[in-house]
$ cat upload17.cif   # mmCIF, C-alpha atoms and all ligand atoms
data_structure
#
loop_
_atom_site.group_PDB
_atom_site.id
_atom_site.type_symbol
_atom_site.label_atom_id
_atom_site.label_comp_id
_atom_site.auth_asym_id
_atom_site.auth_seq_id
_atom_site.Cartn_x
_atom_site.Cartn_y
_atom_site.Cartn_z
ATOM 1 C CA MET A 143 11.627 91.889 190.617
ATOM 2 C CA ASP A 144 14.678 90.435 188.949
ATOM 3 C CA SER A 145 16.273 90.592 185.529
ATOM 4 C CA ASN A 146 16.865 86.847 185.087
ATOM 5 C CA PRO A 147 16.042 85.530 181.618
ATOM 6 C CA ALA A 148 13.640 82.656 180.955
ATOM 7 C CA ILE A 149 15.710 79.532 180.326
ATOM 8 C CA VAL A 150 14.947 77.125 177.508
ATOM 9 C CA ALA A 151 17.151 74.054 177.891
ATOM 10 C CA GLY A 152 17.077 71.837 174.844
ATOM 11 C CA SER A 153 19.096 70.011 172.267
ATOM 12 C CA GLY A 154 19.289 69.664 168.511
ATOM 13 C CA ASN A 155 18.609 72.268 165.894
ATOM 14 C CA LEU A 156 17.883 75.722 167.328
ATOM 15 C CA ALA A 157 16.662 77.169 164.008
ATOM 16 C CA GLU A 158 13.927 74.518 163.915
ATOM 17 C CA HIS A 159 12.993 75.127 167.543
ATOM 18 C CA LEU A 160 12.777 78.909 167.075
ATOM 19 C CA GLY A 161 10.532 78.463 164.057
ATOM 20 C CA LYS A 162 8.195 75.896 165.664
ATOM 21 C CA ALA A 163 7.965 77.423 169.157
ATOM 22 C CA LYS A 164 7.970 81.108 168.197
ATOM 23 C CA ALA A 165 4.620 81.969 169.830
ATOM 24 C CA ALA A 166 5.638 80.402 173.148
ATOM 25 C CA ILE A 167 9.081 82.033 172.978
ATOM 26 C CA ASP A 168 7.560 85.447 172.333
ATOM 27 C CA ALA A 169 5.253 84.974 175.337
ATOM 28 C CA GLN A 170 8.289 84.171 177.527
ATOM 29 C CA LEU A 171 10.125 87.159 176.090
ATOM 30 C CA ALA A 172 7.197 89.462 176.927
ATOM 31 C CA GLU A 173 7.121 88.135 180.485
ATOM 32 C CA LYS A 174 10.850 87.937 181.274
ATOM 33 C CA GLY A 175 12.441 90.412 178.868
ATOM 34 C CA ALA A 176 15.106 87.890 177.784
ATOM 35 C CA VAL A 177 15.262 84.187 176.914
ATOM 36 C CA LEU A 178 18.369 81.980 177.156
ATOM 37 C CA PHE A 179 18.615 78.957 174.828
ATOM 38 C CA ARG A 180 21.148 76.482 176.190
ATOM 39 C CA GLY A 181 22.181 73.020 175.072
ATOM 40 C CA PHE A 182 21.161 73.369 171.426
ATOM 41 C CA ASP A 183 23.522 72.538 168.615
ATOM 42 C CA VAL A 184 24.952 75.949 167.622
ATOM 43 C CA PRO A 185 28.585 75.222 166.779
ATOM 44 C CA ASP A 186 29.444 78.297 164.688
ATOM 45 C CA PRO A 187 28.253 81.688 163.407
ATOM 46 C CA PHE A 188 26.533 80.032 160.420
ATOM 47 C CA ALA A 189 24.350 77.936 162.723
ATOM 48 C CA PHE A 190 23.603 81.126 164.667
ATOM 49 C CA ASP A 191 22.680 82.925 161.441
ATOM 50 C CA ALA A 192 20.347 80.027 160.580
ATOM 51 C CA ALA A 193 18.786 80.186 164.069
ATOM 52 C CA VAL A 194 18.030 83.901 163.673
ATOM 53 C CA ALA A 195 16.578 83.202 160.231
ATOM 54 C CA GLY A 196 14.478 80.426 161.791
ATOM 55 C CA TYR A 197 12.966 82.934 164.202
ATOM 56 C CA GLY A 198 11.609 84.572 161.074
ATOM 57 C CA GLU A 199 11.536 88.317 161.740
ATOM 58 C CA PRO A 200 13.181 90.922 159.507
ATOM 59 C CA GLY A 201 16.701 91.947 160.473
ATOM 60 C CA PHE A 202 18.208 95.348 161.206
ATOM 61 C CA THR A 203 21.623 95.651 159.654
ATOM 62 C CA TYR A 204 24.710 97.275 161.146
ATOM 63 C CA GLU A 205 25.347 99.253 157.947
ATOM 64 C CA GLU A 206 21.968 100.997 158.086
ATOM 65 C CA SER A 207 22.249 101.644 161.835
ATOM 66 C CA LEU A 208 23.742 104.730 163.464
ATOM 67 C CA SER A 209 25.507 102.584 166.073
ATOM 68 C CA ASN A 210 28.743 104.134 167.336
ATOM 69 C CA ALA A 211 30.427 100.781 168.101
ATOM 70 C CA VAL A 212 33.094 99.358 165.791
ATOM 71 C CA ARG A 213 31.817 95.981 164.593
ATOM 72 C CA VAL A 214 32.761 93.440 161.987
ATOM 73 C CA ASN A 215 30.194 91.506 159.981
ATOM 74 C CA VAL A 216 30.619 87.722 160.030
ATOM 75 C CA THR A 217 27.576 86.950 157.890
ATOM 76 C CA GLU A 218 25.056 89.389 156.461
ATOM 77 C CA ARG A 219 22.994 89.302 159.647
ATOM 78 C CA VAL A 220 25.650 88.415 162.249
ATOM 79 C CA PHE A 221 28.407 90.693 163.524
ATOM 80 C CA THR A 222 30.892 90.965 166.390
ATOM 81 C CA ALA A 223 29.178 92.660 169.331
ATOM 82 C CA ASN A 224 31.888 95.254 169.944
ATOM 83 C CA GLU A 225 35.554 95.336 168.966
ATOM 84 C CA ALA A 226 36.549 97.351 172.058
ATOM 85 C CA PRO A 227 39.505 95.867 174.029
ATOM 86 C CA PRO A 228 38.803 93.233 176.760
ATOM 87 C CA SER A 229 39.557 95.676 179.583
ATOM 88 C CA THR A 230 36.814 98.075 178.410
ATOM 89 C CA THR A 231 33.497 97.917 180.263
ATOM 90 C CA ILE A 232 30.462 98.496 178.067
ATOM 91 C CA PHE A 233 27.918 100.009 180.447
ATOM 92 C CA LEU A 234 24.202 99.224 180.392
ATOM 93 C CA HIS A 235 22.221 100.590 177.471
ATOM 94 C CA HIS A 236 19.306 99.930 175.173
ATOM 95 C CA GLU A 237 20.735 99.174 171.749
ATOM 96 C CA MET A 238 20.983 102.366 169.657
ATOM 97 C CA ALA A 239 18.560 104.287 171.895
ATOM 98 C CA GLN A 240 20.911 107.254 171.426
ATOM 99 C CA THR A 241 19.751 107.450 167.794
ATOM 100 C CA PRO A 242 16.334 107.734 166.129
ATOM 101 C CA LEU A 243 16.784 104.223 164.596
ATOM 102 C CA TYR A 244 16.900 101.211 166.906
ATOM 103 C CA PRO A 245 16.168 97.477 166.809
ATOM 104 C CA SER A 246 13.238 95.937 168.721
ATOM 105 C CA LYS A 247 15.116 92.776 169.749
ATOM 106 C CA LEU A 248 18.669 91.431 169.805
ATOM 107 C CA PHE A 249 20.115 87.961 169.613
ATOM 108 C CA PHE A 250 23.503 87.241 171.208
ATOM 109 C CA TYR A 251 25.502 84.077 170.590
ATOM 110 C CA CYS A 252 28.567 82.854 172.432
ATOM 111 C CA GLU A 253 31.009 81.148 170.087
ATOM 112 C CA VAL A 254 33.954 81.218 172.522
ATOM 113 C CA ALA A 255 33.335 81.634 176.263
ATOM 114 C CA PRO A 256 35.808 83.860 178.119
ATOM 115 C CA ASP A 257 38.301 82.366 180.600
ATOM 116 C CA GLU A 258 37.428 84.939 183.192
ATOM 117 C CA GLY A 259 34.844 87.740 183.354
ATOM 118 C CA GLY A 260 33.080 88.808 180.167
ATOM 119 C CA ALA A 261 29.515 88.383 181.459
ATOM 120 C CA THR A 262 26.707 90.216 179.703
ATOM 121 C CA PRO A 263 24.784 92.188 182.324
ATOM 122 C CA LEU A 264 21.025 92.343 181.692
ATOM 123 C CA CYS A 265 18.799 94.843 183.491
ATOM 124 C CA ARG A 266 15.016 95.257 183.331
ATOM 125 C CA SER A 267 14.574 98.949 182.671
ATOM 126 C CA ASP A 268 10.778 98.856 183.157
ATOM 127 C CA HIS A 269 11.455 97.680 186.723
ATOM 128 C CA LEU A 270 14.146 100.308 187.042
ATOM 129 C CA PHE A 271 11.845 103.117 185.934
ATOM 130 C CA ALA A 272 9.005 101.984 188.238
ATOM 131 C CA ARG A 273 11.450 101.993 191.163
ATOM 132 C CA LEU A 274 12.820 105.400 190.134
ATOM 133 C CA GLU A 275 9.288 106.850 190.018
ATOM 134 C CA ASP A 276 8.783 105.632 193.603
ATOM 135 C CA ALA A 277 12.162 106.756 194.886
ATOM 136 C CA ASP A 278 12.462 110.121 193.130
ATOM 137 C CA PRO A 279 9.330 111.152 191.217
ATOM 138 C CA GLN A 280 10.817 114.520 190.338
ATOM 139 C CA ILE A 281 13.826 113.133 188.487
ATOM 140 C CA ALA A 282 11.714 110.385 186.864
ATOM 141 C CA SER A 283 9.386 113.068 185.550
ATOM 142 C CA ALA A 284 12.314 115.235 184.396
ATOM 143 C CA PHE A 285 13.613 112.376 182.219
ATOM 144 C CA GLU A 286 10.143 111.663 180.906
ATOM 145 C CA THR A 287 9.036 115.202 180.090
ATOM 146 C CA ARG A 288 12.321 116.869 179.050
ATOM 147 C CA GLY A 289 13.882 114.127 176.939
ATOM 148 C CA VAL A 290 17.576 113.939 176.237
ATOM 149 C CA ARG A 291 20.212 114.920 173.676
ATOM 150 C CA TYR A 292 23.447 113.027 173.063
ATOM 151 C CA SER A 293 26.619 114.496 171.695
ATOM 152 C CA ASN A 294 29.561 112.463 170.521
ATOM 153 C CA VAL A 295 32.703 112.895 168.514
ATOM 154 C CA MET A 296 33.245 110.402 165.718
ATOM 155 C CA PRO A 297 36.725 109.852 164.259
ATOM 156 C CA GLY A 298 37.436 110.060 160.522
ATOM 157 C CA GLU A 299 38.595 106.416 160.529
ATOM 158 C CA ASN A 300 37.426 103.526 162.760
ATOM 159 C CA ASP A 301 39.173 103.465 166.141
ATOM 160 C CA ALA A 302 38.817 99.943 167.545
ATOM 161 C CA ALA A 303 40.496 101.034 170.790
ATOM 162 C CA SER A 304 37.289 102.827 171.767
ATOM 163 C CA GLY A 305 33.858 101.414 172.682
ATOM 164 C CA GLN A 306 32.361 104.160 170.482
ATOM 165 C CA GLY A 307 35.074 104.439 167.851
ATOM 166 C CA ARG A 308 33.030 103.951 164.674
ATOM 167 C CA SER A 309 34.060 106.521 162.082
ATOM 168 C CA TRP A 310 31.616 109.133 160.826
ATOM 169 C CA ARG A 311 32.013 107.711 157.320
ATOM 170 C CA SER A 312 30.881 104.266 158.472
ATOM 171 C CA THR A 313 28.264 105.507 160.974
ATOM 172 C CA LEU A 314 26.553 107.705 158.411
ATOM 173 C CA GLY A 315 27.238 105.439 155.443
ATOM 174 C CA VAL A 316 28.916 108.215 153.445
ATOM 175 C CA ASP A 317 32.258 109.054 151.796
ATOM 176 C CA THR A 318 32.341 112.845 151.866
ATOM 177 C CA ARG A 319 31.673 115.693 154.284
ATOM 178 C CA GLU A 320 28.877 117.004 152.044
ATOM 179 C CA GLU A 321 27.095 113.648 152.193
ATOM 180 C CA ALA A 322 27.638 113.494 155.961
ATOM 181 C CA GLU A 323 26.045 116.924 156.391
ATOM 182 C CA ALA A 324 23.063 115.998 154.226
ATOM 183 C CA ARG A 325 22.451 112.820 156.249
ATOM 184 C CA LEU A 326 22.786 114.650 159.591
ATOM 185 C CA ALA A 327 20.463 117.445 158.483
ATOM 186 C CA ASN A 328 17.932 114.847 157.413
ATOM 187 C CA LEU A 329 18.084 113.213 160.856
ATOM 188 C CA GLY A 330 17.726 116.560 162.656
ATOM 189 C CA TYR A 331 21.263 116.489 164.116
ATOM 190 C CA GLU A 332 23.566 119.458 164.748
ATOM 191 C CA TRP A 333 27.265 119.055 163.903
ATOM 192 C CA GLU A 334 30.674 120.644 164.010
ATOM 193 C CA TRP A 335 33.820 119.594 162.121
ATOM 194 C CA ARG A 336 37.045 119.413 164.064
ATOM 195 C CA GLY A 337 40.616 119.887 162.873
ATOM 196 C CA ASP A 338 41.601 116.209 162.960
ATOM 197 C CA ASP A 339 38.825 115.101 160.540
ATOM 198 C CA SER A 340 36.630 114.088 163.489
ATOM 199 C CA LEU A 341 33.035 115.233 163.712
ATOM 200 C CA ARG A 342 31.002 116.263 166.748
ATOM 201 C CA ALA A 343 27.344 115.395 166.208
ATOM 202 C CA ARG A 344 24.443 116.212 168.503
ATOM 203 C CA THR A 345 21.117 114.432 168.277
ATOM 204 C CA PRO A 346 17.732 116.123 168.225
ATOM 205 C CA VAL A 347 15.738 115.743 171.458
ATOM 206 C CA LEU A 348 15.083 112.015 171.929
ATOM 207 C CA PRO A 349 12.783 110.386 174.481
ATOM 208 C CA ALA A 350 14.465 109.029 177.630
ATOM 209 C CA VAL A 351 11.412 106.983 178.631
ATOM 210 C CA ARG A 352 9.355 104.644 176.476
ATOM 211 C CA GLU A 353 5.682 103.716 176.948
ATOM 212 C CA LEU A 354 5.381 99.957 176.602
ATOM 213 C CA GLY A 355 1.688 100.063 175.741
ATOM 214 C CA ASP A 356 0.276 98.359 178.834
ATOM 215 C CA GLY A 357 0.806 101.126 181.383
ATOM 216 C CA ARG A 358 4.460 100.171 181.947
ATOM 217 C CA LYS A 359 7.297 102.492 180.986
ATOM 218 C CA SER A 360 10.969 101.736 180.482
ATOM 219 C CA PHE A 361 14.091 103.850 180.953
ATOM 220 C CA PHE A 362 14.746 103.554 177.219
ATOM 221 C CA ASN A 363 17.923 105.491 176.567
ATOM 222 C CA GLN A 364 21.731 105.293 176.646
ATOM 223 C CA LEU A 365 22.195 107.576 179.621
ATOM 224 C CA ILE A 366 24.012 105.108 181.878
ATOM 225 C CA ALA A 367 26.380 104.029 179.096
ATOM 226 C CA ALA A 368 26.981 107.594 177.931
ATOM 227 C CA PHE A 369 27.409 108.958 181.410
ATOM 228 C CA CYS A 370 29.647 106.179 182.743
ATOM 229 C CA GLY A 371 31.423 105.079 179.635
ATOM 230 C CA TRP A 372 31.598 107.398 176.665
ATOM 231 C CA SER A 373 35.098 108.533 177.335
ATOM 232 C CA ASP A 374 37.920 108.116 174.889
ATOM 233 C CA ILE A 375 40.540 110.458 173.489
ATOM 234 C CA ARG A 376 37.805 112.427 171.677
ATOM 235 C CA ASN A 377 34.913 112.284 174.152
ATOM 236 C CA ASP A 378 34.484 113.829 177.594
ATOM 237 C CA PRO A 379 31.602 112.112 179.441
ATOM 238 C CA ALA A 380 30.698 115.390 181.158
ATOM 239 C CA ARG A 381 29.736 116.876 177.765
ATOM 240 C CA THR A 382 27.903 113.973 176.193
ATOM 241 C CA VAL A 383 24.376 114.186 177.622
ATOM 242 C CA THR A 384 21.954 117.004 178.337
ATOM 243 C CA PHE A 385 18.248 117.229 178.921
ATOM 244 C CA GLY A 386 16.269 118.217 175.835
ATOM 245 C CA ASP A 387 16.442 121.887 176.883
ATOM 246 C CA GLY A 388 20.257 121.808 177.032
ATOM 247 C CA GLU A 389 20.821 121.550 180.801
ATOM 248 C CA PRO A 390 23.744 119.151 181.382
ATOM 249 C CA ILE A 391 22.795 115.837 182.991
ATOM 250 C CA THR A 392 25.010 115.459 186.040
ATOM 251 C CA HIS A 393 25.983 112.740 188.455
ATOM 252 C CA GLU A 394 23.270 114.026 190.788
ATOM 253 C CA HIS A 395 20.597 113.388 188.151
ATOM 254 C CA MET A 396 22.007 109.940 187.326
ATOM 255 C CA ALA A 397 22.942 108.534 190.761
ATOM 256 C CA GLY A 398 19.503 107.033 191.508
ATOM 257 C CA ALA A 399 19.154 105.265 188.153
ATOM 258 C CA ILE A 400 22.746 103.981 188.300
ATOM 259 C CA SER A 401 22.365 102.499 191.777
ATOM 260 C CA LEU A 402 18.999 100.925 190.876
ATOM 261 C CA SER A 403 20.564 99.427 187.751
ATOM 262 C CA GLU A 404 23.289 97.828 189.864
ATOM 263 C CA GLU A 405 20.688 96.379 192.197
ATOM 264 C CA LEU A 406 18.525 94.992 189.374
ATOM 265 C CA THR A 407 21.245 93.588 187.093
ATOM 266 C CA TYR A 408 21.641 89.905 186.313
ATOM 267 C CA ASP A 409 25.075 88.950 184.940
ATOM 268 C CA HIS A 410 24.804 86.298 182.261
ATOM 269 C CA ALA A 411 27.901 84.080 182.388
ATOM 270 C CA TRP A 412 28.377 82.647 178.912
ATOM 271 C CA GLN A 413 28.831 79.015 177.936
ATOM 272 C CA ALA A 414 29.870 78.268 174.361
ATOM 273 C CA GLY A 415 26.738 77.653 172.258
ATOM 274 C CA ASP A 416 24.444 79.851 174.384
ATOM 275 C CA VAL A 417 21.997 82.038 172.491
ATOM 276 C CA VAL A 418 20.163 84.837 174.302
ATOM 277 C CA LEU A 419 17.204 86.745 172.866
ATOM 278 C CA VAL A 420 16.688 90.192 174.440
ATOM 279 C CA ASP A 421 13.690 92.530 174.177
ATOM 280 C CA ASN A 422 15.434 95.838 173.470
ATOM 281 C CA PHE A 423 12.495 97.890 174.751
ATOM 282 C CA THR A 424 12.476 96.411 178.264
ATOM 283 C CA VAL A 425 15.999 95.112 178.936
ATOM 284 C CA MET A 426 19.322 96.945 178.890
ATOM 285 C CA HIS A 427 22.570 95.069 178.230
ATOM 286 C CA GLY A 428 26.294 95.706 178.507
ATOM 287 C CA ARG A 429 29.626 93.857 178.693
ATOM 288 C CA LYS A 430 31.885 93.185 181.656
ATOM 289 C CA PRO A 431 35.668 93.228 181.134
ATOM 290 C CA PHE A 432 37.293 89.849 180.506
ATOM 291 C CA SER A 433 40.541 88.030 180.031
ATOM 292 C CA GLY A 434 41.409 85.387 177.494
ATOM 293 C CA LYS A 435 39.563 84.848 174.265
ATOM 294 C CA ARG A 436 35.864 85.686 174.116
ATOM 295 C CA ARG A 437 33.708 85.748 171.043
ATOM 296 C CA VAL A 438 30.127 86.877 171.427
ATOM 297 C CA LEU A 439 28.266 87.692 168.220
ATOM 298 C CA ALA A 440 25.063 89.647 167.785
ATOM 299 C CA SER A 441 22.182 89.943 165.360
ATOM 300 C CA LEU A 442 19.466 92.592 165.435
ATOM 301 C CA ILE A 443 15.755 92.380 164.680
ATOM 302 C CA GLY A 444 14.129 95.376 163.002
HETATM 303 FE FE FE2 A 501 24.860 97.030 172.733
#
$ encode --input "upload17.cif" --output "C-alpha cells" --more "lines below"
Ligand code: FE2
Amino acid sequence: MDSNPAIVAGSGNLAEHLGKAKAAIDAQLAEKGAVLFRGFDVPDPFAFDAAVAGYGEPGFTYEESLSNAVRVNVTERVFTANEAPPSTTIFLHHEMAQTPLYPSKLFFYCEVAPDEGGATPLCRSDHLFARLEDADPQIASAFETRGVRYSNVMPGENDAASGQGRSWRSTLGVDTREEAEARLANLGYEWEWRGDDSLRARTPVLPAVRELGDGRKSFFNQLIAAFCGWSDIRNDPARTVTFGDGEPITHEHMAGAISLSEELTYDHAWQAGDVVLVDNFTVMHGRKPFSGKRRVLASLIG
C-alpha cells in the first residue's frame, strides 16, 4: 500500500491530452487516487485553466465554497492554493470535508517550484482507514458511527497570516450579520458572535468516514488538519473538533490515525509545469513549509 500517484509523462498540449484520454485517466485515478502529468506544455495559469477545461467536468468555485482558507482567484476556475505564510504547515485533509459542500476532485498546478521544501503530501485515506480498522477497531467504529463536529472562529476581515483566515463575510458570501445568520441557519450550523467582529461557527454532525461504493471506506474528514493545525490567534486546536455527541476528540483518539498518515504519505516534490489530479474522496493532501518563491495553483471539480 502506498500513496504514490500514477505518472503520465508526456509533452505538448495538456488540455488536448486530458480531453482525448479522459477515460484512461479516470481509470488511473480510480486505481491510484492521484495522477501526475509531467512534461506537458503548461507555461502559465491560463494554460492550466485550459487544461482543466479540457478535462471537461463542471467546476466548483471558491466563492460558493465554505473553505476557510484565504485564496485569490487567478482565473474564474483557478486560484492560489492557500495564502498562508511559507513557514505554515497545512496538515493533511480532504478538501472542504469540514463543511457540507465539497469538491469530488482537485487539480494542482505548479507555476513556480520552491527552492527548498514545499512538497504536497498525498495520503490514501482508504488505506489509512483499513489499517485503522485493523489496528484499533473501537476507535475506527467511533469515528464511523458518531461522526464529527468542527468549530472555528472566522475573522471579520481576511487574515492571510492564518491557514484558516478567510473572513466570515467571504466564507458565507454575505455582507451583514443578518445574512450570515440566515446562511448558517440554512446549513444547520450553530454560531456565536464575538466582540472583535469575529464569528464562532459550529457545523452540524458531519460524517468522518465515507463509503466509496465498492466496500472500501475512507477517512473522509479534516480531523488531522483541524487537530494538528487549526491554531491561530482566534482558534485553539483543543476546542475545534468533537464527536457528533459533543465529546472532545483528543490526542488519544487521533494518535493512531496521525501515525498511520505519516507512514502512508507520499511527498510530491514539485517541478514547474507539473499538474496533479487528486481524487478528493480517497486521497488527503496538505502543504509542507518552504523557502523561496513557490506558486502552486488549484482548481476544483464539482
Ligand atoms: Fe486543501
$ resolve_selection --input "upload17.cif" --expression "the PyMOL selection byres (((not hetatm)) within 7 of (chain A and resi 501))" --output "NGL selection string"
:A and (235-237 or 427-428)
$ closest_residue --input "upload17.cif" --among "A:Ile281, A:Asn300, A:Val425, A:Phe182" --to "Glu394 in chain A" --atoms "only C-alpha atoms"
A:Ile281
$ closest_residue --input "upload17.cif" --among "A:Phe249, A:Phe385, A:Phe271, A:Phe179" --to "His159 in chain A" --atoms "all atoms listed in the file"
A:Phe179
$ resolve_selection --input "upload17.cif" --expression "the PyMOL selection byres (((chain A and resi 155) around 9) and not hetatm)" --output "VMD selection string"
chain A and resid 153 to 154 156 to 160 182 to 184 189 193
$ write_last_selection --input "upload17.cif" --atoms "C-alpha atoms" --output "short mmCIF file (atom, residue, chain, number, x, y, z; two decimals), keeping the file's coordinate frame"
data_model
loop_
_atom_site.label_atom_id
_atom_site.label_comp_id
_atom_site.auth_asym_id
_atom_site.auth_seq_id
_atom_site.Cartn_x
_atom_site.Cartn_y
_atom_site.Cartn_z
CA SER A 153 19.10 70.01 172.27
CA GLY A 154 19.29 69.66 168.51
CA LEU A 156 17.88 75.72 167.33
CA ALA A 157 16.66 77.17 164.01
CA GLU A 158 13.93 74.52 163.92
CA HIS A 159 12.99 75.13 167.54
CA LEU A 160 12.78 78.91 167.08
CA PHE A 182 21.16 73.37 171.43
CA ASP A 183 23.52 72.54 168.62
CA VAL A 184 24.95 75.95 167.62
CA ALA A 189 24.35 77.94 162.72
CA ALA A 193 18.79 80.19 164.07
#
$ atom_distance --input "upload17.cif" --atom1 "CA of Leu348 in chain A" --atom2 "CA of Leu171 in chain A"
25.7 Å
$ closest_residue --input "upload17.cif" --among "A:Asn146, A:Ser441, A:Asn210, A:Gln413" --to "Asp301 in chain A" --atoms "only C-alpha atoms"
A:Asn210
$ atom_distance --input "upload17.cif" --atom1 "CA of Tyr331 in chain A" --atom2 "CA of Gly355 in chain A"
28.1 Å
$ closest_residue --input "upload17.cif" --among "A:Gly152, A:Pro200, A:Gly175, A:Gly315" --to "Ser360 in chain A" --atoms "all atoms listed in the file"
A:Gly175
$ closest_residue --input "upload17.cif" --among "A:Ser207, A:Gly357, A:Arg219, A:Ser283" --to "Ser312 in chain A" --atoms "all atoms listed in the file"
A:Ser207
